[in-house]
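What follows is my_file33.csv (CSV, C-alpha atoms and all ligand atoms).
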chain,number,residue,atom,x,y,z
A,1,MET,CA,31.5,60.1,36.0
A,2,ASN,CA,33.8,58.7,38.7
A,3,LYS,CA,32.0,55.6,40.0
A,4,GLN,CA,32.5,54.6,43.7
A,5,THR,CA,32.0,51.1,45.0
A,6,ILE,CA,29.8,50.6,48.1
A,7,ALA,CA,30.0,47.2,49.8
A,8,LEU,CA,26.8,46.1,51.6
A,9,ALA,CA,26.3,43.2,54.0
A,10,GLY,CA,22.7,42.1,54.7
A,11,GLY,CA,21.4,43.1,51.3
A,12,SER,CA,19.1,40.0,51.3
A,13,GLY,CA,17.4,41.3,54.5
A,14,HIS,CA,14.4,43.7,54.9
A,15,LEU,CA,16.3,47.0,55.5
A,16,GLY,CA,19.4,45.9,53.5
A,17,SER,CA,17.4,45.2,50.3
A,18,LEU,CA,15.9,48.7,50.5
A,19,ILE,CA,19.4,50.2,51.1
A,20,ALA,CA,20.6,48.2,48.0
A,21,ARG,CA,17.8,49.7,45.9
A,22,ALA,CA,18.5,53.2,47.1
A,23,LEU,CA,22.2,52.7,46.1
A,24,LEU,CA,21.4,51.2,42.7
A,25,ALA,CA,19.3,54.3,42.0
A,26,LYS,CA,22.5,56.4,42.4
A,27,PRO,CA,24.3,56.6,39.0
A,28,GLU,CA,27.7,57.2,40.7
A,29,VAL,CA,27.5,54.0,42.8
A,30,ARG,CA,28.6,50.5,42.0
A,31,LEU,CA,27.1,48.1,44.5
A,32,ARG,CA,28.8,45.0,45.8
A,33,LEU,CA,26.9,42.6,48.1
A,34,LEU,CA,28.1,40.1,50.6
A,35,VAL,CA,25.7,37.2,50.4
A,36,ARG,CA,25.7,34.0,52.5
A,37,PRO,CA,25.9,30.7,50.6
A,38,GLY,CA,22.3,29.6,50.0
A,39,SER,CA,20.9,33.2,50.1
A,40,GLY,CA,21.7,34.1,46.5
A,41,GLY,CA,18.1,33.6,45.3
A,42,LYS,CA,17.0,36.5,47.6
A,43,VAL,CA,19.2,39.0,45.8
A,44,ALA,CA,18.4,37.9,42.2
A,45,GLY,CA,16.4,41.1,41.6
A,46,LEU,CA,19.3,43.3,42.8
A,47,VAL,CA,21.8,41.4,40.6
A,48,ALA,CA,19.4,41.9,37.6
A,49,GLN,CA,19.7,45.7,38.4
A,50,GLY,CA,23.5,45.5,38.3
A,51,ALA,CA,24.6,44.5,41.8
A,52,GLU,CA,27.8,42.4,42.1
A,53,VAL,CA,27.8,39.5,44.6
A,54,VAL,CA,30.6,38.1,46.7
A,55,GLU,CA,29.6,34.9,48.5
A,56,GLY,CA,30.7,34.8,52.1
A,57,GLU,CA,29.6,34.8,55.7
A,58,ILE,CA,30.5,37.0,58.6
A,59,GLY,CA,31.8,35.2,61.7
A,60,ARG,CA,33.6,32.4,59.9
A,61,ASN,CA,37.0,34.0,59.7
A,62,ASP,CA,36.7,34.0,55.9
A,63,THR,CA,39.0,36.9,55.5
A,64,ALA,CA,39.6,36.1,51.8
A,65,ALA,CA,35.9,36.5,50.9
A,66,LEU,CA,35.5,39.6,53.1
A,67,SER,CA,38.6,41.2,51.5
A,68,ARG,CA,37.3,40.5,48.0
A,69,TRP,CA,34.0,42.1,49.0
A,70,ALA,CA,35.6,45.2,50.7
A,71,GLY,CA,38.5,45.6,48.2
A,72,GLY,CA,38.4,49.1,46.6
A,73,ALA,CA,35.2,50.1,48.3
A,74,ALA,CA,34.7,53.7,49.4
A,75,SER,CA,32.2,52.7,52.1
A,76,ILE,CA,30.9,49.5,53.8
A,77,ILE,CA,27.4,49.3,55.1
A,78,SER,CA,26.3,46.5,57.5
A,79,ALA,CA,22.5,45.8,57.7
A,80,ILE,CA,22.9,42.5,59.3
A,81,GLN,CA,20.8,41.2,62.2
A,82,GLY,CA,21.9,38.9,64.9
A,83,GLY,CA,23.2,38.5,68.5
A,84,PRO,CA,26.5,39.8,70.0
A,85,ASP,CA,28.5,37.3,68.0
A,86,LEU,CA,27.6,39.2,64.9
A,87,ILE,CA,26.9,42.7,66.1
A,88,VAL,CA,30.1,42.9,68.3
A,89,GLU,CA,32.5,40.2,67.0
A,90,GLY,CA,31.3,40.0,63.4
A,91,GLN,CA,31.2,43.7,62.9
A,92,THR,CA,34.7,44.0,64.5
A,93,GLU,CA,35.9,41.6,61.8
A,94,LEU,CA,34.2,43.9,59.1
A,95,LEU,CA,35.9,47.0,60.6
A,96,ARG,CA,39.3,45.2,60.5
A,97,VAL,CA,38.8,44.3,56.8
A,98,ALA,CA,37.6,47.9,56.1
A,99,ARG,CA,40.8,49.2,57.6
A,100,GLN,CA,43.0,46.8,55.8
A,101,SER,CA,41.3,47.6,52.5
A,102,GLY,CA,41.6,51.4,52.9
A,103,VAL,CA,37.8,51.9,53.1
A,104,ARG,CA,36.8,55.5,53.9
A,105,ARG,CA,33.6,54.9,55.9
A,106,PHE,CA,31.9,52.1,57.8
A,107,ILE,CA,28.2,52.2,58.7
A,108,PRO,CA,27.4,49.4,61.2
A,109,SER,CA,24.0,47.9,61.7
A,110,ASP,CA,22.5,50.2,64.3
A,111,PHE,CA,19.4,51.8,62.7
A,112,SER,CA,17.8,52.5,66.1
A,113,LEU,CA,17.2,55.2,68.7
A,114,ASP,CA,20.3,56.9,70.1
A,115,MET,CA,21.8,54.0,72.0
A,116,PHE,CA,24.5,56.3,73.3
A,117,THR,CA,21.9,57.9,75.6
A,118,VAL,CA,20.3,54.7,76.8
A,119,ALA,CA,21.6,53.5,80.1
A,120,PRO,CA,23.4,50.1,80.2
A,121,GLY,CA,21.1,47.2,80.8
A,122,ARG,CA,18.0,49.1,79.7
A,123,ILE,CA,17.8,47.6,76.1
A,124,VAL,CA,19.9,44.5,75.6
A,125,THR,CA,20.3,45.0,71.8
A,126,SER,CA,21.5,48.6,72.3
A,127,ASP,CA,24.1,47.3,74.8
A,128,TRP,CA,25.6,45.2,72.0
A,129,ARG,CA,25.6,48.1,69.5
A,130,ARG,CA,27.2,50.5,72.1
A,131,ARG,CA,29.8,47.9,72.8
A,132,PHE,CA,30.7,47.7,69.1
A,133,ALA,CA,30.7,51.5,68.9
A,134,ASP,CA,33.2,51.8,71.8
A,135,LEU,CA,35.4,49.1,70.3
A,136,ALA,CA,35.2,50.8,66.9
A,137,GLN,CA,36.3,54.1,68.4
A,138,ALA,CA,39.5,52.5,69.6
A,139,GLU,CA,40.2,50.3,66.5
A,140,ARG,CA,38.9,52.3,63.6
A,141,GLY,CA,42.2,54.0,62.6
A,142,PRO,CA,41.4,56.3,59.7
A,143,VAL,CA,38.0,54.7,58.9
A,144,GLU,CA,35.1,57.0,59.7
A,145,VAL,CA,32.5,55.0,61.6
A,146,VAL,CA,29.0,56.5,61.2
A,147,HIS,CA,26.0,55.3,63.3
A,148,VAL,CA,22.7,55.8,61.5
A,149,LEU,CA,20.1,56.7,64.2
A,150,ASN,CA,16.5,56.7,63.0
A,151,GLY,CA,14.4,56.0,66.1
A,152,GLY,CA,11.8,53.3,65.6
A,153,PHE,CA,10.7,52.1,62.2
A,154,LEU,CA,7.4,53.9,61.4
A,155,ASP,CA,6.0,50.9,59.5
A,156,ARG,CA,3.4,48.3,59.9
A,157,GLY,CA,5.9,45.8,61.3
A,158,VAL,CA,7.3,48.1,64.1
A,159,LEU,CA,5.2,51.2,65.2
A,160,PHE,CA,2.1,49.3,64.2
A,161,GLY,CA,3.4,45.8,65.1
A,162,PHE,CA,6.5,44.9,67.1
A,163,ILE,CA,6.3,47.9,69.5
A,164,ASN,CA,2.5,47.9,69.1
A,165,VAL,CA,1.9,51.6,69.9
A,166,VAL,CA,-1.2,51.4,67.7
A,167,ASN,CA,-2.9,48.1,66.7
A,168,PRO,CA,-4.9,48.9,63.5
A,169,GLN,CA,-6.8,45.6,63.8
A,170,THR,CA,-8.2,46.3,67.2
A,171,GLN,CA,-8.2,50.1,66.7
A,172,THR,CA,-6.5,50.5,70.0
A,173,ALA,CA,-3.4,52.6,71.1
A,174,TYR,CA,-1.4,51.3,74.1
A,175,VAL,CA,0.6,53.5,76.5
A,176,TRP,CA,2.4,53.2,79.8
A,177,GLY,CA,2.7,56.4,81.9
A,178,ASP,CA,1.6,59.8,80.6
A,179,GLY,CA,2.9,59.4,77.0
A,180,LYS,CA,4.2,63.0,76.9
A,181,GLN,CA,7.8,62.4,75.7
A,182,THR,CA,8.6,63.0,72.1
A,183,MET,CA,9.6,59.9,70.2
A,184,HIS,CA,11.2,59.6,66.7
A,185,TRP,CA,10.0,57.4,63.9
A,186,THR,CA,11.3,56.8,60.3
A,187,THR,CA,10.1,54.4,57.7
A,188,TYR,CA,12.4,51.6,56.5
A,189,GLY,CA,12.4,53.2,53.0
A,190,ASP,CA,13.5,56.6,54.3
A,191,THR,CA,16.1,55.2,56.6
A,192,ALA,CA,17.5,53.3,53.6
A,193,ARG,CA,17.6,56.4,51.4
A,194,TYR,CA,19.4,58.5,54.1
A,195,THR,CA,21.9,55.6,54.6
A,196,ALA,CA,22.6,55.4,50.9
A,197,GLU,CA,23.3,59.2,50.9
A,198,ALA,CA,25.6,59.0,53.9
A,199,ALA,CA,27.5,56.1,52.4
A,200,ALA,CA,28.1,57.9,49.1
A,201,ASP,CA,28.8,61.3,50.6
A,202,GLU,CA,32.2,62.7,49.6
A,203,ARG,CA,32.1,65.0,52.7
A,204,PRO,CA,32.8,63.7,56.2
A,205,VAL,CA,29.6,62.5,57.9
A,206,PRO,CA,29.0,63.0,61.7
A,207,ARG,CA,29.6,60.0,63.9
A,208,ARG,CA,26.1,60.0,65.2
A,209,PHE,CA,24.0,60.6,62.1
A,210,ALA,CA,20.4,61.1,63.3
A,211,ILE,CA,17.4,61.5,61.0
A,212,ALA,CA,13.7,61.1,61.5
A,213,GLY,CA,10.4,61.1,59.6
A,214,ASP,CA,8.3,62.2,62.5
A,215,ALA,CA,8.7,63.4,66.1
A,216,LEU,CA,5.6,62.9,68.1
A,217,ASP,CA,4.6,62.0,71.7
A,218,PHE,CA,2.0,59.2,72.2
A,219,TRP,CA,-0.9,61.6,71.9
A,220,GLY,CA,0.6,63.0,68.7
A,221,ILE,CA,0.8,59.5,67.2
A,222,VAL,CA,-2.9,58.9,68.1
A,223,ALA,CA,-3.9,62.2,66.5
A,224,ALA,CA,-1.9,61.5,63.4
A,225,TYR,CA,-3.4,58.0,63.1
A,226,GLU,CA,-6.9,59.3,63.5
A,227,ALA,CA,-6.3,62.1,61.0
A,228,GLY,CA,-4.8,59.8,58.5
A,229,SER,CA,-7.3,57.0,58.8
A,230,GLY,CA,-10.5,58.9,59.7
A,231,LYS,CA,-11.0,56.4,62.5
A,232,LYS,CA,-11.2,56.9,66.3
A,233,LEU,CA,-8.8,54.9,68.4
A,234,LYS,CA,-9.5,53.4,71.9
A,235,ILE,CA,-6.8,54.3,74.4
A,236,GLN,CA,-5.6,51.6,76.7
A,237,THR,CA,-3.3,52.7,79.6
A,238,LEU,CA,-1.3,49.6,80.6
A,239,GLY,CA,0.1,51.0,83.8
A,240,SER,CA,2.7,53.5,85.1
A,241,LEU,CA,6.3,53.6,84.0
A,242,ASP,CA,7.3,52.0,87.3
A,243,GLU,CA,4.8,49.2,86.5
A,244,LEU,CA,6.4,48.8,83.1
A,245,ASP,CA,9.9,48.5,84.8
A,246,ALA,CA,8.4,45.7,87.0
A,247,ARG,CA,6.9,43.9,84.0
A,248,ILE,CA,10.2,44.0,82.1
A,249,THR,CA,12.1,42.8,85.2
A,250,GLU,CA,9.7,39.9,85.6
A,251,LEU,CA,10.0,38.9,81.9
A,252,VAL,CA,13.8,39.1,82.0
A,253,LYS,CA,13.9,36.8,85.1
A,254,GLY,CA,12.1,34.2,82.9
A,255,GLY,CA,15.1,34.0,80.7
A,256,GLN,CA,15.8,34.1,76.9
A,257,GLN,CA,12.5,32.4,76.1
A,258,ASN,CA,10.9,35.8,76.9
A,259,PHE,CA,13.3,37.7,74.6
A,260,GLY,CA,10.5,38.4,72.1
A,261,ALA,CA,8.2,39.7,74.9
A,262,PHE,CA,10.7,41.9,76.8
A,263,LEU,CA,12.6,43.4,73.8
A,264,PRO,CA,9.7,45.5,72.4
A,265,LEU,CA,8.8,46.7,75.9
A,266,MET,CA,12.5,47.7,76.5
A,267,TYR,CA,12.3,49.9,73.3
A,268,TYR,CA,8.9,51.4,74.2
A,269,ARG,CA,10.0,52.1,77.8
A,270,ALA,CA,13.1,54.0,76.5
A,271,MET,CA,10.9,56.1,74.2
A,272,LEU,CA,8.2,56.7,76.8
A,273,ARG,CA,10.9,57.9,79.2
A,274,GLY,CA,12.6,60.2,76.6
A,275,GLU,CA,15.8,58.0,76.5
A,276,GLY,CA,17.6,57.5,73.2
A,277,ARG,CA,15.9,60.6,71.8
A,278,LEU,CA,17.6,61.9,68.6
A,279,ASP,CA,19.2,65.3,68.9
A,280,PRO,CA,20.2,67.0,66.7
A,281,LEU,CA,18.4,65.7,63.7
A,282,MET,CA,20.4,66.0,60.4
A,283,ASN,CA,17.7,65.5,57.8
A,284,HIS,CA,18.8,68.8,56.3
A,285,ARG,CA,22.0,67.3,55.0
A,286,TYR,CA,20.0,65.6,52.2
A,287,PRO,CA,17.1,67.9,51.4
A,288,ALA,CA,16.1,65.8,48.4
A,289,ILE,CA,14.7,63.3,50.8
A,290,GLN,CA,11.3,64.3,52.1
A,291,PRO,CA,10.6,61.6,54.7
A,292,THR,CA,7.1,60.3,55.4
A,293,GLY,CA,5.4,61.1,58.7
A,294,VAL,CA,2.9,59.0,60.6
A,295,ARG,CA,-0.2,60.7,59.2
A,296,ALA,CA,1.0,60.4,55.6
A,297,TYR,CA,2.0,56.7,56.1
A,298,VAL,CA,-1.4,55.8,57.6
A,299,GLU,CA,-3.1,57.5,54.6
A,300,ARG,CA,-0.8,55.8,52.1
A,301,GLU,CA,-1.1,52.4,53.6
A,302,ARG,CA,-4.8,52.7,54.4
A,303,LEU,CA,-4.2,51.5,58.0
B,401,LIG,N1,14.7,50.9,64.8
B,401,LIG,C1,13.8,49.9,64.6
B,401,LIG,O1,12.6,50.0,64.9
B,401,LIG,C2,14.3,48.6,64.0
B,401,LIG,C3,13.4,47.5,63.9
B,401,LIG,C4,13.8,46.3,63.2
B,401,LIG,C5,15.2,46.2,62.9
B,401,LIG,N2,16.0,47.2,63.1
B,401,LIG,C6,17.5,47.1,62.8
B,401,LIG,O2,17.6,47.1,61.4
B,401,LIG,C7,18.8,46.3,61.0
B,401,LIG,C8,18.4,45.3,59.9
B,401,LIG,O3,17.3,44.5,60.4
B,401,LIG,P1,16.4,43.7,59.4
B,401,LIG,O4,15.1,43.5,60.1
B,401,LIG,O5,16.4,44.3,58.0
B,401,LIG,O6,17.2,42.3,59.3
B,401,LIG,P2,16.8,41.0,58.5
B,401,LIG,O7,15.7,41.2,57.5
B,401,LIG,O8,16.7,39.9,59.5
B,401,LIG,O9,18.1,40.8,57.6
B,401,LIG,C9,19.3,40.4,58.2
B,401,LIG,C10,20.4,40.3,57.1
B,401,LIG,O10,21.6,39.9,57.8
B,401,LIG,C11,22.2,38.8,57.0
B,401,LIG,N3,23.0,38.0,57.8
B,401,LIG,C12,22.7,37.4,59.0
B,401,LIG,N4,23.8,36.7,59.5
B,401,LIG,C13,24.8,36.9,58.6
B,401,LIG,C14,26.1,36.5,58.6
B,401,LIG,N5,26.7,35.7,59.5
B,401,LIG,N6,26.9,36.8,57.5
B,401,LIG,C15,26.4,37.6,56.5
B,401,LIG,N7,25.1,38.1,56.5
B,401,LIG,C16,24.3,37.7,57.6
B,401,LIG,C17,21.0,38.0,56.5
B,401,LIG,O11,21.3,37.2,55.5
B,401,LIG,P3,20.5,35.9,55.0
B,401,LIG,O12,19.5,36.4,54.0
B,401,LIG,O13,21.5,34.9,54.5
B,401,LIG,O14,19.8,35.4,56.3
B,401,LIG,C18,20.1,39.2,56.0
B,401,LIG,O15,20.5,39.7,54.8
B,401,LIG,C19,19.3,45.7,62.3
B,401,LIG,O16,20.3,46.4,62.9
B,401,LIG,C20,18.0,45.8,63.2
B,401,LIG,O17,18.3,45.8,64.6
B,401,LIG,C21,15.6,48.4,63.7

Starting from the coordinates I provided, produce the structure as structure tokens.
Ligand SMILES: NC(=O)c1ccc[n+]([C@@H]2O[C@H](COP(=O)([O-])OP(=O)(O)OC[C@H]3O[C@@H](n4cnc5c(N)ncnc54)[C@H](OP(=O)(O)O)[C@@H]3O)[C@@H](O)[C@H]2O)c1
Amino acid sequence: MNKQTIALAGGSGHLGSLIARALLAKPEVRLRLLVRPGSGGKVAGLVAQGAEVVEGEIGRNDTAALSRWAGGAASIISAIQGGPDLIVEGQTELLRVARQSGVRRFIPSDFSLDMFTVAPGRIVTSDWRRRFADLAQAERGPVEVVHVLNGGFLDRGVLFGFINVVNPQTQTAYVWGDGKQTMHWTTYGDTARYTAEAAADERPVPRRFAIAGDALDFWGIVAAYEAGSGKKLKIQTLGSLDELDARITELVKGGQQNFGAFLPLMYYRAMLRGEGRLDPLMNHRYPAIQPTGVRAYVERERL
């Protein structure tokens, strides 16, 4: 079998480690990780399963390390997390190395709703990702740049945590407005599996590669949770969508110290307004993946 090397940055992180495992499960893939000095211990399990490691850091102009990492790779995946210095400048550095190394495909760290249909200023982290995407269009040369779009993560930490649509502890679901727009949700694990398939695919992959585990409006999420858990949720309406706008504006005026408070509201606002919706979905490209929906996740995790 012809093996192909896939180079992954962020393999010590939450999503990145799942992408690494999905790649290691593919017999045709040789996995090479870019790992920051001091983070080697976090990838010991992946190394034990056969991953190679190149020590290096994005944003330090360490072209020699990045070239060793990218050299001979068919695809590069970035699952890093950070501010515009990393998402815009750092990933531009990765794209440059990809081009110089003859890499076929680059998957940047998007893993979000469709940031191309979210208006500027509405979600600060989407602005950075769109800025990188625009730069990449101009600078990519023959490298295919593929944006993996999965909506929100359907897991404890996001749908049931960061964005807090449903709080399993208080048995409450929270909504602004009428909650009637369809939203997309995909687990970390399924997003990682689709990303691994897209990276290893010998065929061209669409620039906006959208996949989802479930497509539900707020009321559909409530129904799926109740069916999966056998529990009845309290519904708390927090205000109208205009009131949500006003709340976000007020938090943003308070400055960066409110980042952790306004960012989840920005994501939820976009979803409640139908912005960033995924269309068309491309799950069918990889039919072996049967993604988990909200009801099945709640059942499995006993939420
Ligand atoms: N759609 C959603 O609902 C949703 C929710 C959460 C996250 N996301 C997205 O998912 C992606 C991954 O997030 P995550 O939560 O998995 O991130 P994470 O757990 O914080 O991991 C970040 C990774 O980036 C690495 N990294 C950071 N700075 C680096 C640098 N300068 N050079 C090299 N590596 C560096 C970290 O390495 P160290 O181990 O050395 O720190 C770590 O491996 C991001 O794009 C994030 O926005 C989406």

For a quick check of your reading of the model, name the residues lying within 12 Å of the coordinate (20.7, 66.5, 52.3), counting all atoms listed in the file, and write them as a compact mmCIF listing (two decimals) with C-alpha atoms, keeping the file's coordinate frame.
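And here is the file that came out, selection.txt:
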# COMPACT_ATOMS: atom_id res chain seq x y z
CA ARG A 193 17.60 56.40 51.40
CA TYR A 194 19.40 58.50 54.10
CA THR A 195 21.90 55.60 54.60
CA ALA A 196 22.60 55.40 50.90
CA GLU A 197 23.30 59.20 50.90
CA ALA A 198 25.60 59.00 53.90
CA ALA A 200 28.10 57.90 49.10
CA ASP A 201 28.80 61.30 50.60
CA ARG A 203 32.10 65.00 52.70
CA VAL A 205 29.60 62.50 57.90
CA PHE A 209 24.00 60.60 62.10
CA ILE A 211 17.40 61.50 61.00
CA LEU A 281 18.40 65.70 63.70
CA MET A 282 20.40 66.00 60.40
CA ASN A 283 17.70 65.50 57.80
CA HIS A 284 18.80 68.80 56.30
CA ARG A 285 22.00 67.30 55.00
CA TYR A 286 20.00 65.60 52.20
CA PRO A 287 17.10 67.90 51.40
CA ALA A 288 16.10 65.80 48.40
CA ILE A 289 14.70 63.30 50.80
CA GLN A 290 11.30 64.30 52.10
CA PRO A 291 10.60 61.60 54.70

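Closest approach to Leu15 (chain A) from the set A:Val47, A:Met115, A:Ile77, A:Val54 is made by A:Ile77, with distances taken over only C-alpha atoms.
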
Practice prompt. Excluding Val222 (chain A) and any residue of its chain fewer than 4 positions from it, enumerate the residues within 8 Å of it, using only C-alpha atoms, and give them as a ChimeraX atom specification.
Written response: /A:166,173,218,226,233

Atoms kept (C-alpha atoms) for selection, written as a PDB file, in the frame of the given file:
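As a result, again.pdb now contains:
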ATOM      1  CA  VAL A 166      -1.200  51.400  67.700  1.00  0.00           C
ATOM      2  CA  ALA A 173      -3.400  52.600  71.100  1.00  0.00           C
ATOM      3  CA  PHE A 218       2.000  59.200  72.200  1.00  0.00           C
ATOM      4  CA  GLU A 226      -6.900  59.300  63.500  1.00  0.00           C
ATOM      5  CA  LEU A 233      -8.800  54.900  68.400  1.00  0.00           C
TER       6      LEU A 233
END

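Using all atoms listed in the file, the shortest contact distance between ligand LIG 401 (chain B) and any of A:Gly213, A:Gly102, A:Pro37, A:Gly152 is found at A:Gly152.
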
Fill in: Interatomic distance, CA of Val88 (chain A) to atom C11 of ligand LIG 401 (chain B) (Å, one decimal)
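Taking CA of Val88 (chain A) and atom C11 of ligand LIG 401 (chain B), their separation equals 14.4 Å.
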
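Closest approach to Ser78 (chain A) from the set A:Asn258, A:Thr249, A:Thr125, A:Ser17 is made by A:Ser17, with distances taken over only C-alpha atoms.
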
Discussion item. Show me which residues line ligand LIG 401 (chain B), defined as having an atom within 8 Å of a ligand atom where all atoms listed in the file count, and present them as JSON, numbers by chain.
Written reply: {"A": [9, 10, 11, 12, 13, 14, 15, 16, 17, 34, 35, 36, 37, 38, 39, 42, 56, 57, 58, 59, 60, 79, 80, 81, 82, 86, 90, 108, 109, 110, 111, 112, 113, 125, 149, 150, 151, 152, 153, 154, 158, 159, 185]}

Practice prompt. For CA of Arg207 (chain A) and CA of Val148 (chain A), determine how far apart the two atoms are, in Å to one decimal place.
Written response: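 Calculated distance between CA of Arg207 (chain A) and CA of Val148 (chain A) is 8.4 Å.
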
Worksheet item: For Asp178 (chain A), which residue among A:Gly161, A:Gly255, A:Gly45, A:Gly239 is the nearest when counting all atoms listed in the file?
Response: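 Among the listed residues, the smallest separation from Asp178 (chain A) belongs to A:Gly239.
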
Worksheet item: Taking (8.9, 57.3, 71.0) in the file's coordinates, which residues come within 12 Å, counting all atoms listed in the file, written as a ChimeraX atom specification?
Response: /A:112-114,150-154,158-159,163-165,175-176,179-186,212,214-221,264-278

Worksheet item: Quick one: distance from CA of Met1 (chain A) to CA of Leu23 (chain A) in Å, one decimal?
Response: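 CA of Leu23 (chain A) lies at a distance of 15.6 Å from CA of Met1 (chain A).
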
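Nearest to Ala74 (chain A) of all the residues A:Arg208, A:Arg105, A:Arg156, A:Arg295 is A:Arg105, counting only C-alpha atoms.
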
Discussion item. Under the rule that all atoms listed in the file are counted, which of A:Glu202, A:Asp279, A:Asp242, A:Glu52 is the nearest residue to Glu28 (chain A)?
Written reply: A:Glu202
